file my_file.pdb (PDB, C-alpha atoms)
ATOM      1  CA  MET J   1      17.879  11.002   0.351
ATOM      2  CA  ILE J   2      15.032   8.604   1.169
ATOM      3  CA  ARG J   3      15.649   9.063   4.881
ATOM      4  CA  GLY J   4      15.410  12.822   4.398
ATOM      5  CA  ARG J   5      12.098  12.392   2.604
ATOM      6  CA  LEU J   6      10.647  10.636   5.640
ATOM      7  CA  LEU J   7      10.969  13.805   7.733
ATOM      8  CA  TRP J   8       7.783  15.468   6.549
ATOM      9  CA  PRO J   9       5.641  12.292   6.562
ATOM     10  CA  LEU J  10       6.757  11.680  10.162
ATOM     11  CA  ILE J  11       5.941  15.281  11.060
ATOM     12  CA  ALA J  12       2.535  14.921   9.384
ATOM     13  CA  LEU J  13       1.897  11.686  11.292
ATOM     14  CA  ALA J  14       2.846  13.316  14.592
ATOM     15  CA  GLY J  15       0.642  16.316  13.782
ATOM     16  CA  LEU J  16      -2.350  14.103  13.040
ATOM     17  CA  ILE J  17      -1.846  12.222  16.311
ATOM     18  CA  VAL J  18      -1.668  15.502  18.244
ATOM     19  CA  LEU J  19      -4.842  16.716  16.526
ATOM     20  CA  ASN J  20      -6.634  13.519  17.543
ATOM     21  CA  VAL J  21      -5.426  13.915  21.133
ATOM     22  CA  VAL J  22      -6.815  17.470  21.220
ATOM     23  CA  PHE J  23     -10.261  16.291  20.125
ATOM     24  CA  THR J  24     -10.110  12.961  21.999
ATOM     25  CA  PRO J  25      -7.893  13.136  25.119
ATOM     26  CA  SER J  26      -8.053   9.348  25.541
ATOM     27  CA  PHE J  27      -6.720   8.769  22.019
ATOM     28  CA  LEU J  28      -3.340   7.403  23.168
ATOM     29  CA  GLU J  29      -4.742   5.192  25.926
ATOM     30  CA  LEU J  30      -4.237   1.433  25.624
ATOM     31  CA  ARG J  31      -5.941  -1.263  27.662
ATOM     32  CA  ILE J  32      -5.791  -5.033  27.895
ATOM     33  CA  GLN J  33      -9.085  -6.880  28.097
ATOM     34  CA  ASP J  34      -9.415 -10.674  27.960
ATOM     35  CA  GLY J  35      -5.788 -10.867  26.832
ATOM     36  CA  HIS J  36      -6.397  -8.512  23.906
ATOM     37  CA  LEU J  37      -4.874  -5.085  23.419
ATOM     38  CA  TYR J  38      -7.386  -2.343  22.645
ATOM     39  CA  GLY J  39      -7.172   1.376  21.915
ATOM     40  CA  SER J  40      -7.405   3.959  19.149
ATOM     41  CA  LEU J  41      -3.820   3.316  18.052
ATOM     42  CA  VAL J  42      -4.549  -0.399  17.768
ATOM     43  CA  ASP J  43      -7.649   0.399  15.708
ATOM     44  CA  ILE J  44      -5.572   2.496  13.330
ATOM     45  CA  LEU J  45      -3.097  -0.334  12.855
ATOM     46  CA  ARG J  46      -5.860  -2.913  12.388
ATOM     47  CA  ASN J  47      -7.887  -0.824   9.939
ATOM     48  CA  GLY J  48      -4.728   0.126   8.067
ATOM     49  CA  ALA J  49      -3.440  -3.455   7.812
ATOM     50  CA  PRO J  50      -5.050  -4.166   4.391
ATOM     51  CA  THR J  51      -3.719  -0.876   3.005
ATOM     52  CA  LEU J  52      -0.228  -1.592   4.347
ATOM     53  CA  LEU J  53      -0.267  -5.095   2.911
ATOM     54  CA  ILE J  54      -1.290  -3.890  -0.534
ATOM     55  CA  ALA J  55       1.190  -0.999  -0.315
ATOM     56  CA  VAL J  56       4.054  -3.452   0.278
ATOM     57  CA  GLY J  57       3.238  -5.238  -2.973
ATOM     58  CA  MET J  58       2.686  -1.909  -4.721
ATOM     59  CA  THR J  59       6.118  -0.699  -3.587
ATOM     60  CA  LEU J  60       7.860  -3.495  -5.490
ATOM     61  CA  VAL J  61       5.684  -2.949  -8.560
ATOM     62  CA  ILE J  62       6.425   0.783  -8.600
ATOM     63  CA  ALA J  63      10.121   0.078  -8.026
ATOM     64  CA  THR J  64      10.128  -1.772 -11.376
ATOM     65  CA  ARG J  65       8.623   1.317 -13.035
ATOM     66  CA  GLY J  66       5.120  -0.157 -13.017
ATOM     67  CA  ILE J  67       1.743   0.412 -11.408
ATOM     68  CA  ASP J  68      -1.134  -1.876 -10.434
ATOM     69  CA  LEU J  69      -4.611  -0.354 -10.441
ATOM     70  CA  SER J  70      -6.325  -3.726 -10.122
ATOM     71  CA  VAL J  71      -5.475  -4.541  -6.487
ATOM     72  CA  GLY J  72      -8.819  -3.236  -5.193
ATOM     73  CA  ALA J  73     -10.713  -5.448  -7.631
ATOM     74  CA  VAL J  74      -8.485  -8.413  -6.756
ATOM     75  CA  ALA J  75      -9.258  -7.846  -3.068
ATOM     76  CA  ALA J  76     -12.977  -7.830  -3.876
ATOM     77  CA  ILE J  77     -12.616 -11.068  -5.846
ATOM     78  CA  ALA J  78     -10.777 -12.770  -2.969
ATOM     79  CA  GLY J  79     -13.477 -11.805  -0.479
ATOM     80  CA  ALA J  80     -16.237 -12.844  -2.878
ATOM     81  CA  ILE J  81     -14.674 -16.266  -3.505
ATOM     82  CA  GLY J  82     -13.994 -16.891   0.183
ATOM     83  CA  CYS J  83     -17.451 -15.912   1.431
ATOM     84  CA  THR J  84     -19.316 -17.563  -1.452
ATOM     85  CA  TRP J  85     -17.479 -20.841  -0.871
ATOM     86  CA  ILE J  86     -18.273 -20.819   2.846
ATOM     87  CA  ALA J  87     -21.893 -19.747   2.239
ATOM     88  CA  ASP J  88     -22.291 -22.766  -0.059
ATOM     89  CA  GLY J  89     -21.171 -25.103   2.723
ATOM     90  CA  GLY J  90     -17.407 -25.140   2.211
ATOM     91  CA  ASP J  91     -14.747 -24.906   4.898
ATOM     92  CA  ALA J  92     -12.627 -21.831   5.659
ATOM     93  CA  PRO J  93      -9.139 -23.265   4.854
ATOM     94  CA  THR J  94     -10.280 -24.362   1.399
ATOM     95  CA  ALA J  95     -11.951 -20.989   0.842
ATOM     96  CA  VAL J  96      -8.720 -19.171   1.669
ATOM     97  CA  LEU J  97      -6.618 -21.461  -0.520
ATOM     98  CA  LEU J  98      -9.033 -21.166  -3.437
ATOM     99  CA  ALA J  99      -9.234 -17.365  -3.162
ATOM    100  CA  LEU J 100      -5.463 -16.910  -3.026
ATOM    101  CA  SER J 101      -4.936 -19.329  -5.917
ATOM    102  CA  VAL J 102      -7.250 -17.258  -8.099
ATOM    103  CA  CYS J 103      -5.423 -14.086  -7.027
ATOM    104  CA  ILE J 104      -2.091 -15.617  -8.059
ATOM    105  CA  LEU J 105      -3.584 -16.411 -11.475
ATOM    106  CA  LEU J 106      -4.762 -12.818 -11.783
ATOM    107  CA  GLY J 107      -1.262 -11.634 -10.898
ATOM    108  CA  LEU J 108       0.166 -13.924 -13.562
ATOM    109  CA  TRP J 109      -2.243 -12.373 -16.044
ATOM    110  CA  ASN J 110      -1.141  -8.825 -15.160
ATOM    111  CA  GLY J 111       2.508  -9.833 -15.306
ATOM    112  CA  PHE J 112       1.988 -11.501 -18.681
ATOM    113  CA  LEU J 113       0.406  -8.395 -20.178
ATOM    114  CA  VAL J 114       3.163  -6.119 -18.867
ATOM    115  CA  SER J 115       6.341  -8.195 -19.120
ATOM    116  CA  VAL J 116       5.606 -10.416 -22.127
ATOM    117  CA  LEU J 117       3.223  -8.413 -24.315
ATOM    118  CA  GLY J 118       4.768  -5.080 -23.336
ATOM    119  CA  ILE J 119       1.463  -3.354 -22.584
ATOM    120  CA  GLN J 120       1.725  -0.210 -20.467
ATOM    121  CA  PRO J 121       1.138  -1.202 -16.798
ATOM    122  CA  ILE J 122      -1.570   1.403 -16.236
ATOM    123  CA  ILE J 123      -3.546   0.049 -19.208
ATOM    124  CA  ALA J 124      -2.912  -3.630 -18.455
ATOM    125  CA  THR J 125      -4.078  -3.349 -14.850
ATOM    126  CA  LEU J 126      -6.939  -0.993 -15.696
ATOM    127  CA  VAL J 127      -8.488  -3.865 -17.629
ATOM    128  CA  LEU J 128      -8.558  -6.080 -14.545
ATOM    129  CA  MET J 129      -9.603  -3.159 -12.348
ATOM    130  CA  THR J 130     -12.801  -2.884 -14.390
ATOM    131  CA  ALA J 131     -13.440  -6.517 -15.260
ATOM    132  CA  GLY J 132     -12.365  -7.877 -11.873
ATOM    133  CA  ARG J 133     -14.959  -6.007  -9.842
ATOM    134  CA  GLY J 134     -17.579  -7.051 -12.373
ATOM    135  CA  GLY J 135     -16.457 -10.651 -11.908
ATOM    136  CA  ALA J 136     -16.727 -10.302  -8.128
ATOM    137  CA  MET J 137     -20.280  -8.984  -8.474
ATOM    138  CA  LEU J 138     -21.060 -11.885 -10.780
ATOM    139  CA  LEU J 139     -19.841 -14.340  -8.134
ATOM    140  CA  THR J 140     -22.007 -12.751  -5.453
ATOM    141  CA  GLU J 141     -24.902 -12.153  -7.878
ATOM    142  CA  GLY J 142     -24.825  -8.497  -6.913
ATOM    143  CA  GLN J 143     -25.745  -9.290  -3.314
ATOM    144  CA  ILE J 144     -23.891  -8.926  -0.018
ATOM    145  CA  VAL J 145     -22.970 -12.488   0.965
ATOM    146  CA  THR J 146     -22.972 -12.871   4.742
ATOM    147  CA  ILE J 147     -21.416 -15.808   6.564
ATOM    148  CA  SER J 148     -20.832 -17.034  10.100
ATOM    149  CA  ASP J 149     -17.559 -18.917  10.347
ATOM    150  CA  PRO J 150     -15.343 -18.418  13.425
ATOM    151  CA  THR J 151     -12.239 -19.753  11.652
ATOM    152  CA  TYR J 152     -12.596 -17.407   8.697
ATOM    153  CA  ARG J 153     -13.330 -14.459  10.989
ATOM    154  CA  GLN J 154      -9.952 -14.904  12.689
ATOM    155  CA  ILE J 155      -8.163 -13.499   9.617
ATOM    156  CA  GLY J 156      -9.552 -10.005   9.999
ATOM    157  CA  ALA J 157     -10.985  -9.893  13.511
ATOM    158  CA  GLY J 158      -8.947 -12.442  15.472
ATOM    159  CA  PHE J 159      -6.485 -11.583  18.237
ATOM    160  CA  VAL J 160      -3.169 -12.894  19.478
ATOM    161  CA  ILE J 161      -2.735 -10.053  21.951
ATOM    162  CA  LEU J 162      -2.667  -7.787  18.867
ATOM    163  CA  PRO J 163      -5.152  -8.205  16.001
ATOM    164  CA  ILE J 164      -4.069 -10.984  13.656
ATOM    165  CA  ALA J 165      -4.471  -8.640  10.677
ATOM    166  CA  ILE J 166      -1.712  -6.419  12.081
ATOM    167  CA  LEU J 167       0.580  -9.389  12.673
ATOM    168  CA  ILE J 168       0.067 -10.676   9.132
ATOM    169  CA  SER J 169       0.835  -7.304   7.540
ATOM    170  CA  LEU J 170       3.915  -6.681   9.671
ATOM    171  CA  ALA J 171       5.163 -10.224   9.053
ATOM    172  CA  VAL J 172       4.872  -9.740   5.280
ATOM    173  CA  LEU J 173       6.607  -6.355   5.511
ATOM    174  CA  LEU J 174       9.461  -7.834   7.544
ATOM    175  CA  ALA J 175       9.805 -10.852   5.237
ATOM    176  CA  VAL J 176       9.953  -8.649   2.135
ATOM    177  CA  ALA J 177      12.454  -6.321   3.803
ATOM    178  CA  LEU J 178      14.743  -9.208   4.715
ATOM    179  CA  LEU J 179      14.409 -10.839   1.306
ATOM    180  CA  THR J 180      15.059  -7.706  -0.709
ATOM    181  CA  ARG J 181      17.627  -6.002   1.509
ATOM    182  CA  ARG J 182      19.628  -9.021   2.673
ATOM    183  CA  THR J 183      19.887 -10.574  -0.773
ATOM    184  CA  ALA J 184      20.592  -9.285  -4.277
ATOM    185  CA  LEU J 185      16.882  -9.315  -5.133
ATOM    186  CA  GLY J 186      16.341  -5.721  -4.034
ATOM    187  CA  MET J 187      19.225  -4.509  -6.181
ATOM    188  CA  LEU J 188      17.880  -6.425  -9.175
ATOM    189  CA  ILE J 189      14.420  -4.908  -8.705
ATOM    190  CA  GLU J 190      15.942  -1.425  -8.573
ATOM    191  CA  ALA J 191      18.032  -2.177 -11.656
ATOM    192  CA  VAL J 192      14.922  -3.157 -13.617
ATOM    193  CA  GLY J 193      13.214   0.042 -12.490
ATOM    194  CA  VAL J 194      16.129   2.286 -13.445
ATOM    195  CA  ASN J 195      16.616   0.807 -16.921
ATOM    196  CA  PRO J 196      14.886  -2.463 -17.913
ATOM    197  CA  GLU J 197      16.758  -2.792 -21.216
ATOM    198  CA  ALA J 198      20.182  -2.151 -19.708
ATOM    199  CA  SER J 199      19.497  -4.597 -16.874
ATOM    200  CA  ARG J 200      18.443  -7.234 -19.420
ATOM    201  CA  LEU J 201      21.644  -6.726 -21.396
ATOM    202  CA  ALA J 202      23.583  -7.044 -18.143
ATOM    203  CA  GLY J 203      22.115 -10.495 -17.598
ATOM    204  CA  VAL J 204      19.255  -9.606 -15.253
ATOM    205  CA  ARG J 205      16.053 -11.522 -15.960
ATOM    206  CA  SER J 206      13.980  -8.362 -16.010
ATOM    207  CA  ARG J 207      10.927 -10.083 -17.482
ATOM    208  CA  THR J 208      10.865 -12.684 -14.695
ATOM    209  CA  ILE J 209      11.324 -10.057 -11.982
ATOM    210  CA  THR J 210       8.560  -7.881 -13.403
ATOM    211  CA  TRP J 211       6.243 -10.874 -13.661
ATOM    212  CA  THR J 212       7.030 -11.908 -10.086
ATOM    213  CA  VAL J 213       6.293  -8.524  -8.503
ATOM    214  CA  TYR J 214       2.855  -8.391 -10.140
ATOM    215  CA  VAL J 215       2.063 -11.863  -8.824
ATOM    216  CA  PHE J 216       3.207 -10.831  -5.353
ATOM    217  CA  ALA J 217       1.108  -7.641  -5.500
ATOM    218  CA  ALA J 218      -1.968  -9.676  -6.430
ATOM    219  CA  LEU J 219      -1.271 -12.143  -3.612
ATOM    220  CA  CYS J 220      -1.020  -9.275  -1.113
ATOM    221  CA  ALA J 221      -4.283  -7.871  -2.451
ATOM    222  CA  GLY J 222      -5.913 -11.271  -2.048
ATOM    223  CA  VAL J 223      -4.879 -11.545   1.600
ATOM    224  CA  ALA J 224      -6.092  -7.968   2.167
ATOM    225  CA  GLY J 225      -9.413  -8.864   0.592
ATOM    226  CA  LEU J 226      -9.778 -11.820   2.942
ATOM    227  CA  MET J 227      -9.027  -9.488   5.872
ATOM    228  CA  ILE J 228     -11.693  -7.024   4.774
ATOM    229  CA  SER J 229     -14.399  -9.614   4.218
ATOM    230  CA  SER J 230     -13.621 -11.653   7.341
ATOM    231  CA  ASN J 231     -13.641  -8.534   9.517
ATOM    232  CA  VAL J 232     -17.313  -7.958   8.694
ATOM    233  CA  SER J 233     -18.153 -11.619   7.921
ATOM    234  CA  ALA J 234     -19.489 -10.589   4.541
ATOM    235  CA  ALA J 235     -18.483 -10.019   0.938
ATOM    236  CA  ASP J 236     -19.596  -6.762  -0.646
ATOM    237  CA  ALA J 237     -18.234  -6.928  -4.185
ATOM    238  CA  ASN J 238     -19.331  -3.388  -4.971
ATOM    239  CA  ASN J 239     -17.569  -1.667  -2.063
ATOM    240  CA  ALA J 240     -14.885  -4.027  -0.729
ATOM    241  CA  GLY J 241     -11.454  -2.621  -1.510
ATOM    242  CA  LEU J 242     -12.962   0.354  -3.342
ATOM    243  CA  TRP J 243     -10.207   2.967  -3.978
ATOM    244  CA  ILE J 244      -7.759   1.040  -1.775
ATOM    245  CA  GLU J 245      -5.377   1.014  -4.737
ATOM    246  CA  MET J 246      -5.241   4.813  -4.518
ATOM    247  CA  ASP J 247      -4.518   4.727  -0.786
ATOM    248  CA  ALA J 248      -1.750   2.191  -1.416
ATOM    249  CA  ILE J 249      -0.173   4.292  -4.161
ATOM    250  CA  LEU J 250      -0.359   7.398  -1.978
ATOM    251  CA  ALA J 251       1.249   5.493   0.903
ATOM    252  CA  VAL J 252       4.118   4.439  -1.360
ATOM    253  CA  VAL J 253       4.621   7.949  -2.745
ATOM    254  CA  ILE J 254       4.396   9.606   0.671
ATOM    255  CA  GLY J 255       7.015   7.122   1.842
ATOM    256  CA  GLY J 256       9.515   8.495  -0.672
ATOM    257  CA  THR J 257       9.399   5.867  -3.427
ATOM    258  CA  SER J 258       9.507   7.469  -6.865
ATOM    259  CA  LEU J 259       6.844   6.617  -9.443
ATOM    260  CA  ALA J 260       9.656   6.742 -12.020
ATOM    261  CA  GLY J 261      11.017   3.467 -10.630
ATOM    262  CA  GLY J 262      14.355   2.554  -9.121
ATOM    263  CA  ARG J 263      15.061   3.070  -5.423
ATOM    264  CA  TYR J 264      12.297   2.311  -2.967
ATOM    265  CA  SER J 265      11.725   2.412   0.784
ATOM    266  CA  LEU J 266       9.682  -0.187   2.662
ATOM    267  CA  THR J 267      10.095   1.826   5.862
ATOM    268  CA  GLY J 268       8.675   4.798   4.004
ATOM    269  CA  THR J 269       5.760   2.673   2.831
ATOM    270  CA  LEU J 270       4.980   1.769   6.443
ATOM    271  CA  VAL J 271       5.052   5.437   7.457
ATOM    272  CA  GLY J 272       2.938   6.375   4.441
ATOM    273  CA  ALA J 273       0.306   3.749   5.242
ATOM    274  CA  LEU J 274       0.144   4.998   8.831
ATOM    275  CA  VAL J 275      -0.298   8.567   7.596
ATOM    276  CA  ILE J 276      -3.149   7.553   5.277
ATOM    277  CA  GLN J 277      -4.995   5.524   7.931
ATOM    278  CA  THR J 278      -4.425   8.105  10.691
ATOM    279  CA  LEU J 279      -5.702  10.767   8.323
ATOM    280  CA  THR J 280      -8.847   8.720   7.707
ATOM    281  CA  THR J 281      -9.358   8.335  11.461
ATOM    282  CA  THR J 282      -8.771  12.067  11.986
ATOM    283  CA  VAL J 283     -11.462  12.915   9.449
ATOM    284  CA  TYR J 284     -14.059  11.129  11.576
ATOM    285  CA  THR J 285     -12.597  12.335  14.881
ATOM    286  CA  ILE J 286     -12.765  16.048  14.100
ATOM    287  CA  GLY J 287     -16.128  15.757  12.364
ATOM    288  CA  VAL J 288     -15.198  16.682   8.806
ATOM    289  CA  PRO J 289     -18.405  16.584   6.697
ATOM    290  CA  THR J 290     -18.585  13.486   4.509
ATOM    291  CA  ASN J 291     -19.073  15.552   1.362
ATOM    292  CA  ILE J 292     -15.611  17.123   1.695
ATOM    293  CA  THR J 293     -13.771  14.160   3.239
ATOM    294  CA  LEU J 294     -11.896  13.309   0.034
ATOM    295  CA  LEU J 295     -10.997  16.963  -0.497
ATOM    296  CA  PHE J 296      -9.623  17.194   3.045
ATOM    297  CA  LYS J 297      -7.506  14.077   2.537
ATOM    298  CA  ALA J 298      -6.278  15.366  -0.825
ATOM    299  CA  VAL J 299      -5.133  18.665   0.669
ATOM    300  CA  VAL J 300      -3.136  16.905   3.393
ATOM    301  CA  VAL J 301      -1.544  14.426   0.972
ATOM    302  CA  ILE J 302      -0.629  17.146  -1.551
ATOM    303  CA  THR J 303       0.902  19.241   1.230
ATOM    304  CA  VAL J 304       3.090  16.361   2.413
ATOM    305  CA  CYS J 305       4.177  15.522  -1.139
ATOM    306  CA  LEU J 306       5.047  19.157  -1.864
ATOM    307  CA  LEU J 307       7.117  19.408   1.297
ATOM    308  CA  GLN J 308       9.048  16.329   0.137
ATOM    309  CA  SER J 309       9.995  18.087  -3.100
ATOM    310  CA  PRO J 310      13.719  19.014  -3.083
ATOM    311  CA  ARG J 311      12.972  22.481  -4.446
ATOM    312  CA  VAL J 312      10.337  23.202  -1.810
ATOM    313  CA  ALA J 313      12.579  21.727   0.880
ATOM    314  CA  ARG J 314      15.360  24.130  -0.094
ATOM    315  CA  ALA J 315      12.934  27.043  -0.042
ATOM    316  CA  VAL J 316      11.624  26.081   3.399
ATOM    317  CA  SER J 317      15.106  25.656   4.837
ATOM    318  CA  GLY J 318      16.244  28.922   3.267
ATOM    319  CA  ARG J 319      19.150  27.263   1.509
ATOM    320  CA  ARG J 320      20.154  28.277  -1.974
ATOM    321  CA  LYS J 321      22.619  26.752  -4.332
ATOM    322  CA  SER J 322      25.957  28.459  -3.994
ATOM    323  CA  PRO J 323      27.191  30.034  -7.244
ATOM    324  CA  THR J 324      29.610  27.884  -9.188
ATOM    325  CA  PRO J 325      33.123  29.344  -8.914
ATOM    326  CA  ALA J 326      34.608  30.546 -12.170
ATOM    327  CA  PRO J 327      37.385  28.424 -13.667
ATOM    328  CA  ARG J 328      40.936  29.531 -12.841
ATOM    329  CA  SER J 329      41.638  30.364 -16.485
ATOM    330  CA  GLN J 330      38.722  32.817 -16.565
ATOM    331  CA  LYS J 331      39.969  34.536 -13.380
ATOM    332  CA  VAL J 332      43.409  35.001 -14.929
ATOM    333  CA  ALA J 333      41.916  36.383 -18.142
ATOM    334  CA  ALA J 334      39.719  38.785 -16.188
ATOM    335  CA  GLY J 335      42.778  40.024 -14.269
TER     336      GLY J 335
END
call {"tool": "encode", "arguments": {"input": "my_file.pdb", "output": "structure tokens"}}
result
Amino acid sequence: MIRGRLLWPLIALAGLIVLNVVFTPSFLELRIQDGHLYGSLVDILRNGAPTLLIAVGMTLVIATRGIDLSVGAVAAIAGAIGCTWIADGGDAPTAVLLALSVCILLGLWNGFLVSVLGIQPIIATLVLMTAGRGGAMLLTEGQIVTISDPTYRQIGAGFVILPIAILISLAVLLAVALLTRRTALGMLIEAVGVNPEASRLAGVRSRTITWTVYVFAALCAGVAGLMISSNVSAADANNAGLWIEMDAILAVVIGGTSLAGGRYSLTGTLVGALVIQTLTTTVYTIGVPTNITLLFKAVVVITVCLLQSPRVARAVSGRRKSPTPAPRSQKVAAG
């Protein structure tokens, strides 16, 4: 079923690429310069790396029947801590370690509210979504903190043939895929999402699993925040990671993962993240006015989600449910 749901996202992705080629004939061209790979496709992957990274963590959270609205604020906090530390004379490795440590603590806080206190995930993470960005602005004193540190800049703007940001995101995606699909962890996560109480009675430590996925989501958001800030060598607490939680959720949903919890698709999340980032690139390529950019993106996303609906899919394919044959006893009575 999940594989079938990837059909329309893949068609949408192909359509967006074709549209970009029409407006920019050199869109698919790749070139190597100074040992680095450049091109529009590489830019899409690099710019979409933070969204993909956050979407991977969000996929596991949603699979447990949860949601995390605070990842954008956590990303802003990570960037603010990293840049502030370096601006005050600190070194990049310590800045990264300190930022990620704080993000883990924030994930523990979210997990505590959801798994221990039983607060609804949307409410629990909404608290940090609001307070977290305020905390990031407090750290930066409401200013854009600019830095110049070559080591720190490697996270978001460095290259090893491909941009390092792409390699980090793909490495995390692959590691999570191997860990959850080659071990029983993925099945346990799905079990918690389908029925937390039943999984607990069956011996699954549902509270621990729920807590863990929120910590992992916050860690992914922290790394994404470091990518964003290092790419521009600055921390903008007001705008860094703004609405990235929505892009991540859309990527997960487009990829076929249900918000009701249970089965999930990391491959679908990858496709969904590519659709979201390619759509953003297309908006600028075809010259969509900035005042209707969000509306344009919403129309495309809604269209893809509708086409994934089983009922709409049946209508498009022209298939109808065959009538249920009458029981043999009824046929005899009718005769």
call {"tool": "residues_around", "arguments": {"input": "my_file.pdb", "residues": "region 270-280 of chain J", "least_positions_apart": "4", "cutoff": "8 Å", "atoms": "only C-alpha atoms", "output": "ChimeraX atom specification"}}
result
/J:6,9-10,12-13,16-17,44-45,47-48,51-52,55,247-248,250-255,266,284,297
call {"tool": "closest_residue", "arguments": {"input": "my_file.pdb", "among": "J:Gly256, J:Gly72, J:Pro93, J:Gly261", "to": "Val304 (chain J)", "atoms": "only C-alpha atoms"}}
result
J:Gly256
call {"tool": "closest_atom_pairs", "arguments": {"input": "my_file.pdb", "of": "region 38-90 of chain J", "to": "region 227-241 of chain J", "cutoff": "7 Å", "atoms": "all atoms listed in the file", "output": "CSV"}}
result
residue,atom,partner,partner_atom,distance
J:Pro50,CA,J:Met227,CA,6.8
J:Gly72,CA,J:Gly241,CA,4.6
J:Ala73,CA,J:Gly241,CA,6.8
J:Ala75,CA,J:Gly241,CA,5.9
J:Ala76,CA,J:Ala240,CA,5.3
J:Gly79,CA,J:Ser229,CA,5.3
J:Ala80,CA,J:Ala235,CA,5.3
J:Cys83,CA,J:Ala235,CA,6.0
call {"tool": "closest_residue", "arguments": {"input": "my_file.pdb", "among": "J:Gly15, J:Gly142, J:Gly193, J:Gly186", "to": "Ile67 (chain J)", "atoms": "all atoms listed in the file"}}
result
J:Gly193
call {"tool": "atom_distance", "arguments": {"input": "my_file.pdb", "atom1": "CA of Ala184 (chain J)", "atom2": "CA of Met58 (chain J)"}}
result
19.4 Å
call {"tool": "resolve_selection", "arguments": {"input": "my_file.pdb", "expression": "the PyMOL selection byres ((chain J and resi 149) around 8)", "output": "JSON, numbers by chain"}}
result
{"J": [86, 92, 147, 148, 150, 151, 152, 153, 233]}
call {"tool": "closest_residue", "arguments": {"input": "my_file.pdb", "among": "J:Glu245, J:Ala49, J:Leu178, J:Leu162", "to": "Ile32 (chain J)", "atoms": "only C-alpha atoms"}}
result
J:Leu162
call {"tool": "closest_residue", "arguments": {"input": "my_file.pdb", "among": "J:Gln143, J:Thr59, J:Trp8, J:Trp211", "to": "Gly262 (chain J)", "atoms": "all atoms listed in the file"}}
result
J:Thr59
call {"tool": "closest_residue", "arguments": {"input": "my_file.pdb", "among": "J:Thr146, J:Val74, J:Arg46, J:Leu106", "to": "Ala87 (chain J)", "atoms": "only C-alpha atoms"}}
result
J:Thr146
call {"tool": "decode", "arguments": {"input": "my_file.pdb", "residues": "region 217-227 of chain J", "atoms": "N, CA, C and O atoms", "output": "compact mmCIF listing (two decimals), in the first residue's frame"}}
result
# COMPACT_ATOMS: atom_id res chain seq x y z
N ALA J 217 14.18 13.09 17.43
CA ALA J 217 13.66 14.18 16.60
C ALA J 217 14.32 15.50 16.97
O ALA J 217 14.67 16.30 16.09
N ALA J 218 14.51 15.74 18.26
CA ALA J 218 15.16 16.97 18.70
C ALA J 218 16.63 17.00 18.28
O ALA J 218 17.17 18.06 17.90
N LEU J 219 17.28 15.84 18.33
CA LEU J 219 18.68 15.77 17.90
C LEU J 219 18.80 16.07 16.40
O LEU J 219 19.70 16.81 15.97
N CYS J 220 17.90 15.51 15.61
CA CYS J 220 17.89 15.80 14.17
C CYS J 220 17.66 17.28 13.92
O CYS J 220 18.31 17.88 13.05
N ALA J 221 16.75 17.87 14.69
CA ALA J 221 16.47 19.30 14.54
C ALA J 221 17.69 20.13 14.91
O ALA J 221 17.98 21.16 14.28
N GLY J 222 18.43 19.68 15.93
CA GLY J 222 19.63 20.39 16.33
C GLY J 222 20.69 20.38 15.24
O GLY J 222 21.31 21.41 14.94
N VAL J 223 20.91 19.22 14.63
CA VAL J 223 21.88 19.13 13.53
C VAL J 223 21.43 20.00 12.36
O VAL J 223 22.23 20.69 11.73
N ALA J 224 20.12 19.98 12.07
CA ALA J 224 19.59 20.82 10.99
C ALA J 224 19.80 22.29 11.29
O ALA J 224 20.13 23.09 10.39
N GLY J 225 19.62 22.67 12.54
CA GLY J 225 19.85 24.05 12.93
C GLY J 225 21.29 24.48 12.76
O GLY J 225 21.59 25.61 12.33
N LEU J 226 22.22 23.57 13.06
CA LEU J 226 23.63 23.85 12.84
C LEU J 226 23.93 24.01 11.35
O LEU J 226 24.72 24.85 10.94
N MET J 227 23.28 23.17 10.53
CA MET J 227 23.44 23.29 9.07
C MET J 227 23.00 24.67 8.58
O MET J 227 23.69 25.33 7.80
